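*Asks:* Quick one: this structure, given as structure tokens, is what I'll be asking you about.
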Amino acid sequence: MRRPLPDLRERVPGAMAGPWRRWADAKWLGPYTPSNVPHWVRKLMRRDPQIALGLIAFKAPFFGIEYRVEGSTPEIRAFVQKTLLERREVFEKLLWSVLNAIDFGFQAHELLWRIEDVTVDEDGPGGLPERTFFRAYTLREFKDLDPERVELVTDRQTGRLAGIRVDGSVYLPSDKVLLATHQAEHQNWWGESALDRAYHPWYWVNHLYLYMTRYLEQKGNPPLIGRAPYENRTSEDGGPPRNCLDLLGAELATLRGGGNATIPHEVDAKGHQRWDISELTHSARLDQFLPAIQHLEDLKLRAMLVPERIVTQQSTVGSFGMSETHLDVFFSNLEVIKRFLILGTLNAGPVQLLVRNNFGAKAPVPRLAASELSRQSKALLADIVKQALLIPRTLDDGRVYSTASIIDDIRALEALNIPHRRPQDVAVAPEGGRQDQTAAPSAPSAPTAEDLARHSDTTACVARRYGVSRHTVCRWAKAGAPCLPLPGGRYRFNPRELHDWLAQHQAAKAEEVDRAA
């Protein structure tokens, strides 16, 4: 009768599954819950390098634009400008905290107020006299609350936000709370987290990383193959006979544990080794992991509406125009976030409360506005500034120079830190001889009430609207922009006339470029 073959899993210890063959442990990722991602998982997701890159690319552009106050009366605008926008340490921290609603769906804040005297200058230096608001309510600071500790309380009849409860005990009414909600649809005050869309690729790519690590671990300590005679042998000390496969299995287990193994040198009738240990070789499969991992890493960015081409360099080749198109789409998405999340939250919260607490419930409430997040707007502004550099300027003694002529590589301009000389060192006398240094320029006549009503915008208002300095606006006036000169070197502008002048100025520049081409 033929002897049955041995069961290697029972007879050979080396063939047993060791600790290196265990399943990839991903318990730290938490349960797979794509329909309800908890906040602690979102905090874990923010530590992911690719998601952190997408979040900073999403939030950073909002700190590179100019914010301004529009509407209402000059004194209310100046008050909001002074107590909110000009307090950069509070405003920028509040802006960053409001953007955390993108991560968690909502972000709640407790507003802390104080009473102080506030002095404002409605028209900037050289304009209207300063005014002091005594015992005004101002925003001292705020506390950004951990979303895990916050419970939103809504009105059962209207569905509106009534307040929040912190740690299940401390209740804060809605007038002391600033709630920023991302994508608040159907009165969903909890909002939609952008990280929830990236949950699928984040969850599975971590498993792929674990599997790839296990594969590389196995490549570093590969499986072993052993050959030995299938027979029993008696040891020299007279012990019971043991099968050679059992002896070889013990040696294989020693090798797997980092030890040494010894096998006898025996050959068969054909001269082949009867005892042998070798590695189990197989083809490399690392290239099968990398494309899948790269695909899931790209999906993380796309889930947050960040085109991967604008922040990462892929192995595929793409044109520069394609990257610019992706960047334009990205800026369009940021415009939506700016209008609804940032400006909508701040206008409905601190701006409205500052006006109500200091000017009454019937006072007109201004609104925050910001410059556009687009390459075209920045290019237009850059062209206007370039033209302003070439505008001739006149000193008190009649000599003429241009801003571009003072640029040098020795010293720095005050605002741009560009090396420069003094204007007196580069200015030249105009044609027709040197003018009398004592001749004073003619003062503008006193404007009428109709002129002031038609030219409603001050230099400061124009500067905030177009995101430039007041000196640039003054250069526009000296270059021929329609304006109303006032005593003291001040100007007032008609908004429509100034807008048309800037548009014509840009069109003329474009025609010069076309003719040169």
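The way I read the labels, and the way they are meant: chains A, B, ... in the order of the structure tokens, residue 1 as the first residue of every chain, and ligand 1 as the first ligand shown, with later ones counted on from there.
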Find the nearest atom pair between each residue of region 128-232 of chain A and region 333-354 of chain A for residues within 9 Å, count only C-alpha atoms, give distances in Å to one decimal, sort rows by chain and ascending number, and present the table as a Markdown table.
*Replies:*
| residue | atom | partner | partner_atom | distance |
| --- | --- | --- | --- | --- |
| A:Tyr137 | CA | A:Leu354 | CA | 7.0 |
| A:Thr138 | CA | A:Leu354 | CA | 6.7 |
| A:Leu139 | CA | A:Pro350 | CA | 7.8 |
| A:Asp175 | CA | A:Leu353 | CA | 8.3 |
| A:Val177 | CA | A:Gly349 | CA | 8.2 |
| A:Leu178 | CA | A:Gly349 | CA | 5.9 |
| A:Leu179 | CA | A:Thr345 | CA | 7.4 |
| A:Ala180 | CA | A:Thr345 | CA | 5.8 |
| A:Thr181 | CA | A:Leu341 | CA | 6.8 |
| A:His182 | CA | A:Leu341 | CA | 6.2 |
| A:Gln183 | CA | A:Leu341 | CA | 7.9 |
*Asks:* Could you tell me which of A:Ile76, A:Glu141, A:Glu151, A:Thr472 comes closest to Val118 (chain A) if we count only C-alpha atoms?
*Replies:*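 Once distances to Val118 (chain A) are computed over only C-alpha atoms, the minimum belongs to A:Ile76.
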*Asks:* For Glu192 (chain A), work out the shell of residues within 9 Å, counting only C-alpha atoms and skipping chain neighbours fewer than 6 positions away, then give it as a list in words.
*Replies:*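 Neighbouring residues, sequence-local ones excluded: Ala101, Ile102, Asp103, Phe104, Gly105, Phe106, Thr181, His182, Gln183, Ala184 and Glu185 of chain A.
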*Asks:* Determine, using only C-alpha atoms, which residues of region 135-180 of chain A have any atom at most 12 Å from an atom of region 36-54 of chain A, and tabulate each with its shortest atom pair and distance in Å to one decimal place, rows ordered by chain and then rising number, as CSV.
*Replies:*
residue,atom,partner,partner_atom,distance
A:Asp146,CA,A:His39,CA,9.4
A:Pro147,CA,A:His39,CA,7.2
A:Glu148,CA,A:His39,CA,6.2
A:Arg149,CA,A:His39,CA,10.0
A:Val150,CA,A:His39,CA,11.1
